[in-house]
Amino acid sequence: MKLSSCTAVAGTNIALVKYWGKRDPALNLPAAGSLSLTLKELGTRTTVRFGSHLGSEDRVRLNGRDPDDSTRTRIGTFLDLVRERAGITAHAEVVTENSVPTAAGLASSASGFAALAVAASRAAGLALLPTQLSALARRGSGSAARSIFGGFVEMQPGVFSDGSDAVAESISEGDGWGIRLVVAVTSEAEKAIGSTEAMERTARTSPFYASWLESIPGDLQDARAAIAERDLHRLGAVAERSAIRMHASAMAATPSILYWTPATLAAMNTVFALRDRGLAAYFTIDAGPHVKVLCEQDSVSEVNTALTATPGVIRTFTTSPGRGARILHETTA
Ligand code: 2P0
């Protein structure tokens, strides 16, 4: 196998039907399906180069800096999977840039591990199919499996113990619909508790976890139908209740996991008020305090104005459906 350098990009994705809980933490297998929208404006660009001259450890630069120890370990463990699969031992140089604020509930691990899966596998001489890339990306982060594909994407929980069927698939490209997601940033701080630990605590201690899992198949069915009909009201309603149920199950854990701040609640109320005025606007909230509002292109300016005027909202930006992870360029060493 020939080693090369490869640069790949991936957009992050925001789940409309949330993933929160694993059936196998070691292989990162989700306990239920999820459904997301891959975004154009927020993502990761990653270059990977393997080489025996790189010495005895992987060199990683994240946004122009050395990453913290846990991030370095997580990337090194992921590169070990790629090395094992490609039958190589060389270490790698990884240079990665996020256009997503890292670790503030804006899903940098989704685009990060999707871009890393594409760039590292290719640089190691592998030629993986999108489904195989999705399974590989999942090992880095559950949500990353979805960012291999563009537009609306559904993640299958799978039934096999090796996780080979726990992969994402594209449902619809998502463009031509004029759908937008307005992000209201409510904090610049890193989130208090990471998703992996929070999910595990929810599954172990929340009395609402079982009913949360039971509610997901119906939400997936509803979301799929809404996308097929291009029905924003129906899709938005599913997204809002999925987010609320996910957070409710996490809040009920011991100790409680609470991502919401007063600004989060104020932004949620802004969305309710917009709907009372007849606007099709629906929120979703991930493992952080930010509020993301699903609406039509024509409503973006009204949604933006209302969110910007909401106490505690620091800034807003607008995102739209994007393509799946892909190679930007590669060179053979
Ligand atoms: C999601 N989140 O579906 C859910 C909703 C956040 C809230 O997937 O442990 O970073 O790496 O599989 O993918 C964030 O969790 O967790 C996430 P791991 P991940 O987007």
# chains A, B, ... in the order shown; residues from 1 in each chain; ligands from 1
$ residues_near_ligand --ligand "ligand 1" --cutoff "9 Å" --atoms "only C-alpha atoms and all ligand atoms" --output "PyMOL selection string"
chain A and resi 13-22+25+28-30+33-36+103+105-110+138-146+194-200+243+246-247+285-288
$ select_by_dssp --residues "range 68-298 of chain A" --states "alpha helix (DSSP H)" --output "compact mmCIF listing (two decimals) with N, CA, C and O atoms, in the first residue's frame"
# COMPACT_ATOMS: atom_id res chain seq x y z
N ASP A 69 -4.60 16.75 26.34
CA ASP A 69 -4.21 15.34 26.38
C ASP A 69 -5.34 14.41 25.97
O ASP A 69 -5.13 13.43 25.26
N SER A 70 -6.58 14.71 26.43
CA SER A 70 -7.66 13.76 26.12
C SER A 70 -7.99 13.79 24.63
O SER A 70 -8.28 12.76 24.03
N THR A 71 -7.92 14.96 24.01
CA THR A 71 -8.18 15.04 22.56
C THR A 71 -7.08 14.31 21.80
O THR A 71 -7.34 13.57 20.85
N ARG A 72 -5.82 14.51 22.23
CA ARG A 72 -4.70 13.83 21.56
C ARG A 72 -4.86 12.31 21.65
O ARG A 72 -4.68 11.58 20.68
N THR A 73 -5.24 11.83 22.84
CA THR A 73 -5.42 10.39 23.03
C THR A 73 -6.55 9.87 22.15
O THR A 73 -6.43 8.81 21.52
N ARG A 74 -7.64 10.63 22.09
CA ARG A 74 -8.80 10.20 21.30
C ARG A 74 -8.42 10.10 19.81
O ARG A 74 -8.80 9.16 19.13
N ILE A 75 -7.64 11.07 19.33
CA ILE A 75 -7.22 11.06 17.92
C ILE A 75 -6.22 9.92 17.69
O ILE A 75 -6.30 9.19 16.70
N GLY A 76 -5.30 9.72 18.65
CA GLY A 76 -4.31 8.64 18.52
C GLY A 76 -4.98 7.27 18.49
O GLY A 76 -4.61 6.41 17.69
N THR A 77 -5.99 7.08 19.33
CA THR A 77 -6.73 5.81 19.36
C THR A 77 -7.44 5.58 18.03
O THR A 77 -7.48 4.46 17.50
N PHE A 78 -7.97 6.66 17.47
CA PHE A 78 -8.65 6.56 16.18
C PHE A 78 -7.64 6.20 15.08
O PHE A 78 -7.91 5.34 14.23
N LEU A 79 -6.47 6.85 15.10
CA LEU A 79 -5.44 6.55 14.09
C LEU A 79 -4.96 5.11 14.22
O LEU A 79 -4.65 4.46 13.20
N ASP A 80 -4.95 4.56 15.45
CA ASP A 80 -4.58 3.15 15.64
C ASP A 80 -5.54 2.23 14.87
O ASP A 80 -5.13 1.22 14.30
N LEU A 81 -6.83 2.59 14.90
CA LEU A 81 -7.82 1.78 14.15
C LEU A 81 -7.51 1.78 12.67
O LEU A 81 -7.61 0.76 11.99
N VAL A 82 -7.15 2.97 12.16
CA VAL A 82 -6.84 3.10 10.72
C VAL A 82 -5.56 2.32 10.40
O VAL A 82 -5.50 1.60 9.39
N ARG A 83 -4.55 2.44 11.28
CA ARG A 83 -3.29 1.72 11.05
C ARG A 83 -3.52 0.21 11.03
O ARG A 83 -3.01 -0.50 10.16
N GLU A 84 -4.33 -0.25 11.99
CA GLU A 84 -4.60 -1.69 12.08
C GLU A 84 -5.27 -2.18 10.79
O GLU A 84 -4.89 -3.21 10.23
N ARG A 85 -6.25 -1.41 10.34
CA ARG A 85 -6.99 -1.80 9.15
C ARG A 85 -6.12 -1.78 7.90
O ARG A 85 -6.26 -2.60 7.00
N ALA A 86 -5.19 -0.79 7.84
CA ALA A 86 -4.34 -0.65 6.65
C ALA A 86 -3.09 -1.51 6.73
O ALA A 86 -2.36 -1.63 5.75
N SER A 108 -18.40 19.90 17.16
CA SER A 108 -17.13 19.83 16.42
C SER A 108 -16.64 18.40 16.27
O SER A 108 -15.92 18.10 15.32
N SER A 109 -17.03 17.49 17.18
CA SER A 109 -16.53 16.12 17.04
C SER A 109 -17.17 15.42 15.85
O SER A 109 -16.58 14.53 15.26
N ALA A 110 -18.36 15.84 15.45
CA ALA A 110 -19.02 15.20 14.30
C ALA A 110 -18.25 15.47 13.01
O ALA A 110 -17.86 14.54 12.30
N SER A 111 -18.00 16.74 12.71
CA SER A 111 -17.24 17.03 11.49
C SER A 111 -15.78 16.63 11.67
O SER A 111 -15.14 16.20 10.71
N GLY A 112 -15.26 16.74 12.89
CA GLY A 112 -13.86 16.41 13.15
C GLY A 112 -13.54 14.96 12.83
O GLY A 112 -12.60 14.66 12.08
N PHE A 113 -14.33 14.02 13.36
CA PHE A 113 -14.02 12.61 13.11
C PHE A 113 -14.46 12.16 11.71
O PHE A 113 -13.89 11.21 11.18
N ALA A 114 -15.42 12.84 11.12
CA ALA A 114 -15.78 12.50 9.73
C ALA A 114 -14.63 12.90 8.80
O ALA A 114 -14.20 12.10 7.94
N ALA A 115 -14.10 14.11 8.97
CA ALA A 115 -12.98 14.55 8.13
C ALA A 115 -11.74 13.68 8.39
O ALA A 115 -11.02 13.31 7.46
N LEU A 116 -11.52 13.33 9.67
CA LEU A 116 -10.35 12.50 10.01
C LEU A 116 -10.48 11.10 9.42
O LEU A 116 -9.50 10.53 8.93
N ALA A 117 -11.69 10.54 9.44
CA ALA A 117 -11.91 9.20 8.88
C ALA A 117 -11.57 9.19 7.39
O ALA A 117 -10.89 8.29 6.88
N VAL A 118 -12.05 10.21 6.68
CA VAL A 118 -11.81 10.27 5.23
C VAL A 118 -10.32 10.50 4.95
O VAL A 118 -9.71 9.78 4.14
N ALA A 119 -9.72 11.49 5.61
CA ALA A 119 -8.32 11.84 5.32
C ALA A 119 -7.36 10.73 5.76
O ALA A 119 -6.46 10.35 5.02
N ALA A 120 -7.57 10.19 6.98
CA ALA A 120 -6.61 9.20 7.50
C ALA A 120 -6.70 7.88 6.74
O ALA A 120 -5.68 7.27 6.44
N SER A 121 -7.92 7.45 6.41
CA SER A 121 -8.04 6.16 5.71
C SER A 121 -7.39 6.26 4.33
O SER A 121 -6.66 5.37 3.91
N ARG A 122 -7.62 7.37 3.67
CA ARG A 122 -7.06 7.55 2.34
C ARG A 122 -5.53 7.68 2.40
O ARG A 122 -4.81 7.08 1.60
N ALA A 123 -5.05 8.47 3.36
CA ALA A 123 -3.60 8.66 3.49
C ALA A 123 -2.91 7.34 3.82
O ALA A 123 -1.74 7.15 3.51
N PRO A 130 -18.51 4.78 1.29
CA PRO A 130 -19.13 5.70 2.25
C PRO A 130 -19.67 5.00 3.51
O PRO A 130 -19.52 5.50 4.62
N THR A 131 -20.28 3.83 3.34
CA THR A 131 -20.81 3.11 4.50
C THR A 131 -19.68 2.67 5.44
O THR A 131 -19.82 2.73 6.67
N GLN A 132 -18.57 2.25 4.86
CA GLN A 132 -17.43 1.85 5.70
C GLN A 132 -16.82 3.07 6.39
O GLN A 132 -16.40 2.99 7.55
N LEU A 133 -16.81 4.20 5.69
CA LEU A 133 -16.31 5.43 6.31
C LEU A 133 -17.20 5.86 7.46
O LEU A 133 -16.73 6.35 8.49
N SER A 134 -18.51 5.65 7.28
CA SER A 134 -19.47 6.01 8.33
C SER A 134 -19.22 5.16 9.58
O SER A 134 -19.19 5.69 10.70
N ALA A 135 -19.01 3.85 9.40
CA ALA A 135 -18.73 2.97 10.54
C ALA A 135 -17.41 3.35 11.21
O ALA A 135 -17.30 3.32 12.44
N LEU A 136 -16.43 3.74 10.40
CA LEU A 136 -15.13 4.14 10.96
C LEU A 136 -15.28 5.46 11.74
O LEU A 136 -14.81 5.56 12.88
N ALA A 137 -15.94 6.44 11.14
CA ALA A 137 -16.12 7.74 11.80
C ALA A 137 -16.85 7.57 13.13
O ALA A 137 -16.57 8.25 14.11
N ARG A 138 -17.81 6.63 13.16
CA ARG A 138 -18.58 6.36 14.39
C ARG A 138 -17.66 5.97 15.55
O ARG A 138 -17.96 6.29 16.71
N ARG A 139 -16.57 5.29 15.27
CA ARG A 139 -15.66 4.89 16.34
C ARG A 139 -15.04 6.10 17.01
O ARG A 139 -14.68 6.06 18.18
N GLY A 140 -14.90 7.21 16.25
CA GLY A 140 -14.37 8.44 16.84
C GLY A 140 -15.43 9.17 17.65
O GLY A 140 -15.19 9.62 18.77
N SER A 195 -20.51 14.93 26.07
CA SER A 195 -21.66 14.09 25.70
C SER A 195 -21.47 12.63 26.10
O SER A 195 -22.41 11.99 26.57
N THR A 196 -20.25 12.11 25.89
CA THR A 196 -20.03 10.68 26.14
C THR A 196 -20.34 10.33 27.59
O THR A 196 -21.09 9.39 27.87
N GLU A 197 -19.78 11.11 28.51
CA GLU A 197 -20.00 10.87 29.94
C GLU A 197 -21.46 11.15 30.31
O GLU A 197 -22.08 10.41 31.10
N ALA A 198 -22.02 12.20 29.73
CA ALA A 198 -23.40 12.57 30.06
C ALA A 198 -24.39 11.50 29.62
O ALA A 198 -25.34 11.16 30.34
N MET A 199 -24.16 10.94 28.44
CA MET A 199 -25.05 9.87 27.95
C MET A 199 -24.97 8.65 28.86
O MET A 199 -25.97 8.02 29.15
N GLU A 200 -23.74 8.33 29.24
CA GLU A 200 -23.53 7.14 30.07
C GLU A 200 -24.25 7.33 31.42
O GLU A 200 -24.93 6.43 31.91
N ARG A 201 -24.15 8.53 31.99
CA ARG A 201 -24.80 8.80 33.28
C ARG A 201 -26.33 8.76 33.12
O ARG A 201 -27.04 8.25 33.99
N THR A 202 -26.80 9.30 32.01
CA THR A 202 -28.25 9.28 31.77
C THR A 202 -28.75 7.84 31.69
O THR A 202 -29.75 7.47 32.33
N ALA A 203 -28.03 7.02 30.91
CA ALA A 203 -28.46 5.62 30.73
C ALA A 203 -28.43 4.87 32.07
O ALA A 203 -29.29 4.03 32.34
N ARG A 204 -27.46 5.19 32.91
CA ARG A 204 -27.27 4.45 34.17
C ARG A 204 -28.22 4.92 35.25
O ARG A 204 -28.67 4.11 36.06
N THR A 205 -28.56 6.22 35.28
CA THR A 205 -29.29 6.72 36.46
C THR A 205 -30.64 7.37 36.19
O THR A 205 -31.40 7.60 37.12
N TYR A 209 -34.83 7.33 31.06
CA TYR A 209 -34.03 6.87 29.91
C TYR A 209 -34.79 5.84 29.07
O TYR A 209 -34.80 5.92 27.84
N ALA A 210 -35.44 4.88 29.72
CA ALA A 210 -36.14 3.82 28.96
C ALA A 210 -37.25 4.42 28.11
O ALA A 210 -37.41 4.06 26.93
N SER A 211 -38.01 5.37 28.68
CA SER A 211 -39.10 5.94 27.88
C SER A 211 -38.55 6.86 26.78
O SER A 211 -39.15 6.99 25.71
N TRP A 212 -37.41 7.48 27.03
CA TRP A 212 -36.74 8.26 25.98
C TRP A 212 -36.44 7.34 24.78
O TRP A 212 -36.79 7.66 23.64
N LEU A 213 -35.84 6.19 25.06
CA LEU A 213 -35.50 5.27 23.97
C LEU A 213 -36.76 4.78 23.24
O LEU A 213 -36.77 4.68 22.01
N GLU A 214 -37.81 4.51 24.02
CA GLU A 214 -39.06 4.03 23.40
C GLU A 214 -39.67 5.05 22.46
O GLU A 214 -40.37 4.70 21.51
N SER A 215 -39.42 6.33 22.71
CA SER A 215 -40.06 7.38 21.90
C SER A 215 -39.36 7.58 20.55
O SER A 215 -39.92 8.22 19.66
N ILE A 216 -38.17 7.06 20.39
CA ILE A 216 -37.36 7.42 19.22
C ILE A 216 -37.88 6.81 17.89
O ILE A 216 -37.98 7.53 16.89
N PRO A 217 -38.25 5.52 17.84
CA PRO A 217 -38.71 4.99 16.54
C PRO A 217 -39.88 5.79 15.96
O PRO A 217 -39.92 6.05 14.75
N GLY A 218 -40.83 6.19 16.79
CA GLY A 218 -41.97 6.99 16.31
C GLY A 218 -41.52 8.34 15.78
O GLY A 218 -42.00 8.82 14.75
N ASP A 219 -40.57 8.97 16.48
CA ASP A 219 -40.05 10.26 16.03
C ASP A 219 -39.31 10.12 14.70
O ASP A 219 -39.41 10.99 13.82
N LEU A 220 -38.58 9.03 14.54
CA LEU A 220 -37.85 8.82 13.28
C LEU A 220 -38.83 8.67 12.12
O LEU A 220 -38.64 9.25 11.05
N GLN A 221 -39.89 7.92 12.37
CA GLN A 221 -40.89 7.68 11.34
C GLN A 221 -41.55 9.01 10.93
O GLN A 221 -41.73 9.30 9.75
N ASP A 222 -41.87 9.81 11.93
CA ASP A 222 -42.50 11.11 11.70
C ASP A 222 -41.56 12.04 10.93
O ASP A 222 -41.97 12.74 10.00
N ALA A 223 -40.29 12.04 11.33
CA ALA A 223 -39.30 12.92 10.69
C ALA A 223 -39.09 12.51 9.23
O ALA A 223 -39.04 13.36 8.34
N ARG A 224 -39.01 11.21 8.98
CA ARG A 224 -38.85 10.72 7.60
C ARG A 224 -40.02 11.17 6.74
O ARG A 224 -39.84 11.65 5.62
N ALA A 225 -41.25 11.02 7.28
CA ALA A 225 -42.45 11.40 6.52
C ALA A 225 -42.44 12.91 6.27
O ALA A 225 -42.77 13.38 5.18
N ALA A 226 -42.05 13.69 7.28
CA ALA A 226 -42.03 15.15 7.14
C ALA A 226 -41.05 15.58 6.06
O ALA A 226 -41.33 16.49 5.28
N ILE A 227 -39.90 14.91 6.00
CA ILE A 227 -38.89 15.25 4.99
C ILE A 227 -39.41 14.89 3.60
O ILE A 227 -39.29 15.66 2.65
N ALA A 228 -40.04 13.72 3.49
CA ALA A 228 -40.59 13.30 2.19
C ALA A 228 -41.65 14.28 1.70
O ALA A 228 -41.75 14.56 0.50
N GLU A 229 -42.42 14.83 2.65
CA GLU A 229 -43.50 15.77 2.27
C GLU A 229 -43.02 17.22 2.27
O GLU A 229 -43.81 18.12 2.00
N LEU A 232 -42.27 21.49 6.91
CA LEU A 232 -41.42 22.07 7.95
C LEU A 232 -42.10 22.04 9.32
O LEU A 232 -41.45 21.83 10.34
N HIS A 233 -43.43 22.26 9.35
CA HIS A 233 -44.15 22.25 10.64
C HIS A 233 -44.02 20.88 11.30
O HIS A 233 -43.76 20.78 12.49
N ARG A 234 -44.20 19.85 10.51
CA ARG A 234 -44.14 18.50 11.07
C ARG A 234 -42.71 18.15 11.50
O ARG A 234 -42.50 17.60 12.58
N LEU A 235 -41.74 18.50 10.65
CA LEU A 235 -40.34 18.20 10.98
C LEU A 235 -39.90 19.00 12.21
O LEU A 235 -39.24 18.46 13.11
N GLY A 236 -40.29 20.27 12.25
CA GLY A 236 -39.91 21.13 13.37
C GLY A 236 -40.51 20.64 14.68
O GLY A 236 -39.85 20.64 15.72
N ALA A 237 -41.76 20.20 14.61
CA ALA A 237 -42.42 19.71 15.84
C ALA A 237 -41.70 18.47 16.37
O ALA A 237 -41.50 18.34 17.59
N VAL A 238 -41.28 17.57 15.48
CA VAL A 238 -40.54 16.38 15.92
C VAL A 238 -39.21 16.80 16.53
O VAL A 238 -38.81 16.30 17.59
N ALA A 239 -38.52 17.71 15.84
CA ALA A 239 -37.18 18.13 16.31
C ALA A 239 -37.27 18.74 17.71
O ALA A 239 -36.47 18.42 18.58
N GLU A 240 -38.28 19.60 17.90
CA GLU A 240 -38.41 20.26 19.19
C GLU A 240 -38.70 19.25 20.31
O GLU A 240 -38.09 19.29 21.38
N ARG A 241 -39.61 18.33 20.04
CA ARG A 241 -39.94 17.40 21.13
C ARG A 241 -38.79 16.40 21.36
O ARG A 241 -38.54 16.01 22.51
N SER A 242 -38.05 16.04 20.31
CA SER A 242 -36.92 15.14 20.51
C SER A 242 -35.87 15.80 21.40
O SER A 242 -35.33 15.19 22.33
N ALA A 243 -35.59 17.08 21.13
CA ALA A 243 -34.59 17.81 21.94
C ALA A 243 -35.06 17.92 23.39
O ALA A 243 -34.30 17.68 24.33
N ILE A 244 -36.33 18.28 23.58
CA ILE A 244 -36.84 18.45 24.94
C ILE A 244 -36.80 17.12 25.70
O ILE A 244 -36.40 17.06 26.86
N ARG A 245 -37.17 16.04 25.02
CA ARG A 245 -37.17 14.74 25.70
C ARG A 245 -35.74 14.29 26.04
O ARG A 245 -35.50 13.71 27.10
N MET A 246 -34.80 14.53 25.12
CA MET A 246 -33.41 14.18 25.39
C MET A 246 -32.91 14.93 26.63
O MET A 246 -32.31 14.35 27.54
N HIS A 247 -33.17 16.24 26.66
CA HIS A 247 -32.71 17.04 27.79
C HIS A 247 -33.43 16.65 29.08
O HIS A 247 -32.82 16.64 30.15
N ALA A 248 -34.72 16.34 28.97
CA ALA A 248 -35.47 15.94 30.17
C ALA A 248 -34.89 14.66 30.76
O ALA A 248 -34.75 14.53 31.99
N SER A 249 -34.53 13.72 29.90
CA SER A 249 -33.97 12.46 30.43
C SER A 249 -32.61 12.74 31.06
O SER A 249 -32.28 12.16 32.11
N ALA A 250 -31.83 13.65 30.48
CA ALA A 250 -30.52 13.98 31.05
C ALA A 250 -30.67 14.75 32.37
O ALA A 250 -29.94 14.50 33.34
N MET A 251 -31.63 15.67 32.42
CA MET A 251 -31.85 16.44 33.64
C MET A 251 -32.22 15.54 34.81
O MET A 251 -31.92 15.83 35.97
N PRO A 262 -30.19 30.52 31.61
CA PRO A 262 -31.31 31.45 31.40
C PRO A 262 -31.42 31.91 29.95
O PRO A 262 -32.53 32.07 29.42
N ALA A 263 -30.28 32.07 29.26
CA ALA A 263 -30.32 32.52 27.86
C ALA A 263 -30.94 31.44 26.95
O ALA A 263 -31.65 31.75 25.99
N THR A 264 -30.66 30.17 27.29
CA THR A 264 -31.26 29.07 26.51
C THR A 264 -32.78 29.14 26.62
O THR A 264 -33.50 29.08 25.61
N LEU A 265 -33.26 29.28 27.86
CA LEU A 265 -34.72 29.33 28.07
C LEU A 265 -35.33 30.56 27.42
O LEU A 265 -36.42 30.49 26.83
N ALA A 266 -34.61 31.69 27.48
CA ALA A 266 -35.13 32.91 26.84
C ALA A 266 -35.25 32.70 25.33
O ALA A 266 -36.25 33.10 24.72
N ALA A 267 -34.25 32.05 24.73
CA ALA A 267 -34.30 31.81 23.28
C ALA A 267 -35.42 30.83 22.92
O ALA A 267 -36.09 30.98 21.89
N MET A 268 -35.65 29.84 23.79
CA MET A 268 -36.76 28.90 23.54
C MET A 268 -38.09 29.68 23.55
O MET A 268 -38.95 29.47 22.69
N ASN A 269 -38.21 30.59 24.52
CA ASN A 269 -39.45 31.38 24.59
C ASN A 269 -39.59 32.31 23.39
O ASN A 269 -40.71 32.56 22.92
N THR A 270 -38.47 32.80 22.88
CA THR A 270 -38.51 33.63 21.66
C THR A 270 -39.09 32.82 20.50
O THR A 270 -39.91 33.32 19.72
N VAL A 271 -38.68 31.57 20.41
CA VAL A 271 -39.18 30.71 19.32
C VAL A 271 -40.68 30.45 19.50
O VAL A 271 -41.46 30.52 18.53
N PHE A 272 -41.10 30.20 20.74
CA PHE A 272 -42.55 30.02 20.97
C PHE A 272 -43.32 31.28 20.55
O PHE A 272 -44.39 31.19 19.94
N ALA A 273 -42.75 32.44 20.87
CA ALA A 273 -43.43 33.71 20.53
C ALA A 273 -43.48 33.91 19.02
O ALA A 273 -44.49 34.40 18.48
N LEU A 274 -42.41 33.54 18.33
CA LEU A 274 -42.41 33.64 16.86
C LEU A 274 -43.51 32.76 16.28
O LEU A 274 -44.23 33.16 15.35
N ARG A 275 -43.68 31.59 16.84
CA ARG A 275 -44.73 30.68 16.34
C ARG A 275 -46.12 31.23 16.62
O ARG A 275 -47.02 31.09 15.79
N ASP A 276 -46.27 31.86 17.79
CA ASP A 276 -47.56 32.49 18.11
C ASP A 276 -47.92 33.56 17.09
O ASP A 276 -49.08 33.83 16.85
$ residues_around --residues "Glu97 in chain A" --least-positions-apart "4" --cutoff "7 Å" --atoms "only C-alpha atoms" --output "PyMOL selection string"
chain A and resi 44-46+62-63
$ write_last_selection --atoms "C-alpha atoms" --output "tab-separated table (two decimals), in the first residue's frame"
chain	number	residue	atom	x	y	z
A	44	THR	CA	-13.61	20.73	9.72
A	45	ARG	CA	-10.72	20.55	7.29
A	46	THR	CA	-8.09	17.93	8.11
A	62	LEU	CA	-5.86	21.51	16.24
A	63	ASN	CA	-6.77	25.05	15.22
$ select_by_dssp --residues "range 9-133 of chain A" --states "strand (DSSP E)" --output "MDAnalysis selection string"
chainID A and resid 9:17 22:24 29:30 34:51 59:62 91:98
$ write_last_selection --atoms "C-alpha atoms" --output "PDB file, in the first residue's frame"
ATOM      1  CA  VAL A   9     -13.424  18.349   4.652  1.00  0.00           C
ATOM      2  CA  ALA A  10     -16.659  17.549   6.470  1.00  0.00           C
ATOM      3  CA  GLY A  11     -19.603  19.612   7.578  1.00  0.00           C
ATOM      4  CA  THR A  12     -20.955  19.230  11.057  1.00  0.00           C
ATOM      5  CA  ASN A  13     -24.501  17.971  11.505  1.00  0.00           C
ATOM      6  CA  ILE A  14     -27.315  18.843  13.848  1.00  0.00           C
ATOM      7  CA  ALA A  15     -29.601  16.019  14.917  1.00  0.00           C
ATOM      8  CA  LEU A  16     -33.330  16.634  14.561  1.00  0.00           C
ATOM      9  CA  VAL A  17     -34.049  13.274  16.164  1.00  0.00           C
ATOM     10  CA  LYS A  22     -25.209   3.710  23.582  1.00  0.00           C
ATOM     11  CA  ARG A  23     -25.836  -0.017  23.316  1.00  0.00           C
ATOM     12  CA  ASP A  24     -22.061  -0.608  23.323  1.00  0.00           C
ATOM     13  CA  LEU A  29     -22.860   1.749  19.038  1.00  0.00           C
ATOM     14  CA  PRO A  30     -25.973   3.879  19.536  1.00  0.00           C
ATOM     15  CA  SER A  34     -31.062   9.361  14.941  1.00  0.00           C
ATOM     16  CA  LEU A  35     -31.698  11.767  12.090  1.00  0.00           C
ATOM     17  CA  SER A  36     -29.743  14.892  11.235  1.00  0.00           C
ATOM     18  CA  LEU A  37     -29.024  17.684   8.813  1.00  0.00           C
ATOM     19  CA  THR A  38     -25.440  18.135   7.610  1.00  0.00           C
ATOM     20  CA  LEU A  39     -24.432  21.793   7.436  1.00  0.00           C
ATOM     21  CA  LYS A  40     -22.451  23.740   4.876  1.00  0.00           C
ATOM     22  CA  GLU A  41     -21.052  26.613   6.940  1.00  0.00           C
ATOM     23  CA  LEU A  42     -19.708  24.766   9.994  1.00  0.00           C
ATOM     24  CA  GLY A  43     -17.124  22.092   9.559  1.00  0.00           C
ATOM     25  CA  THR A  44     -13.614  20.733   9.718  1.00  0.00           C
ATOM     26  CA  ARG A  45     -10.720  20.554   7.290  1.00  0.00           C
ATOM     27  CA  THR A  46      -8.092  17.929   8.111  1.00  0.00           C
ATOM     28  CA  THR A  47      -4.805  16.901   6.513  1.00  0.00           C
ATOM     29  CA  VAL A  48      -3.200  13.569   7.429  1.00  0.00           C
ATOM     30  CA  ARG A  49       0.220  12.328   6.392  1.00  0.00           C
ATOM     31  CA  PHE A  50       1.706   9.032   7.570  1.00  0.00           C
ATOM     32  CA  GLY A  51       5.465   8.615   7.517  1.00  0.00           C
ATOM     33  CA  ARG A  59       1.773  14.850  15.851  1.00  0.00           C
ATOM     34  CA  VAL A  60      -1.514  16.698  16.060  1.00  0.00           C
ATOM     35  CA  ARG A  61      -2.290  20.387  15.561  1.00  0.00           C
ATOM     36  CA  LEU A  62      -5.856  21.506  16.240  1.00  0.00           C
ATOM     37  CA  HIS A  91       2.789   7.491  12.820  1.00  0.00           C
ATOM     38  CA  ALA A  92       0.949  10.450  11.400  1.00  0.00           C
ATOM     39  CA  GLU A  93       0.997  14.182  11.227  1.00  0.00           C
ATOM     40  CA  VAL A  94      -2.528  15.583  11.568  1.00  0.00           C
ATOM     41  CA  VAL A  95      -3.389  19.216  10.957  1.00  0.00           C
ATOM     42  CA  THR A  96      -7.011  20.075  11.581  1.00  0.00           C
ATOM     43  CA  GLU A  97      -8.950  23.343  11.506  1.00  0.00           C
ATOM     44  CA  ASN A  98     -12.515  23.757  12.732  1.00  0.00           C
TER      45      ASN A  98
END
$ closest_residue --among "A:Ala124, A:Ala26, A:Trp177, A:Ile88" --to "Thr331 in chain A" --atoms "only C-alpha atoms"
A:Ala124
$ closest_residue --among "A:Thr316, A:Pro255, A:Ala32, A:Leu54" --to "Val167 in chain A" --atoms "only C-alpha atoms"
A:Ala32
$ atom_distance --atom1 "CA of Val185 in chain A" --atom2 "CA of Pro321 in chain A"
19.0 Å
$ residues_around --residues "Glu296 in chain A" --least-positions-apart "6" --cutoff "9 Å" --atoms "only C-alpha atoms" --output "VMD selection string"
chain A and resid 177 to 181 232 280 to 281
$ write_last_selection --atoms "C-alpha atoms" --output "CSV table (one decimal), in the first residue's frame"
chain,number,residue,atom,x,y,z
A,177,TRP,CA,-36.2,23.2,0.2
A,178,GLY,CA,-34.8,26.5,1.4
A,179,ILE,CA,-34.5,25.2,4.9
A,180,ARG,CA,-32.2,27.1,7.3
A,181,LEU,CA,-30.9,26.6,10.8
A,232,LEU,CA,-41.4,22.1,8.0
A,280,ALA,CA,-42.7,28.4,11.1
A,281,ALA,CA,-39.8,28.3,13.6
$ closest_residue --among "A:Thr284, A:Thr318, A:Ser5, A:Ser161" --to "Ala31 in chain A" --atoms "only C-alpha atoms"
A:Ser161
$ closest_residue --among "A:Phe152, A:Ala184, A:Asp165, A:Leu27" --to "Arg230 in chain A" --atoms "only C-alpha atoms"
A:Phe152
$ atom_distance --atom1 "CA of Arg277 in chain A" --atom2 "CA of Tyr259 in chain A"
27.8 Å
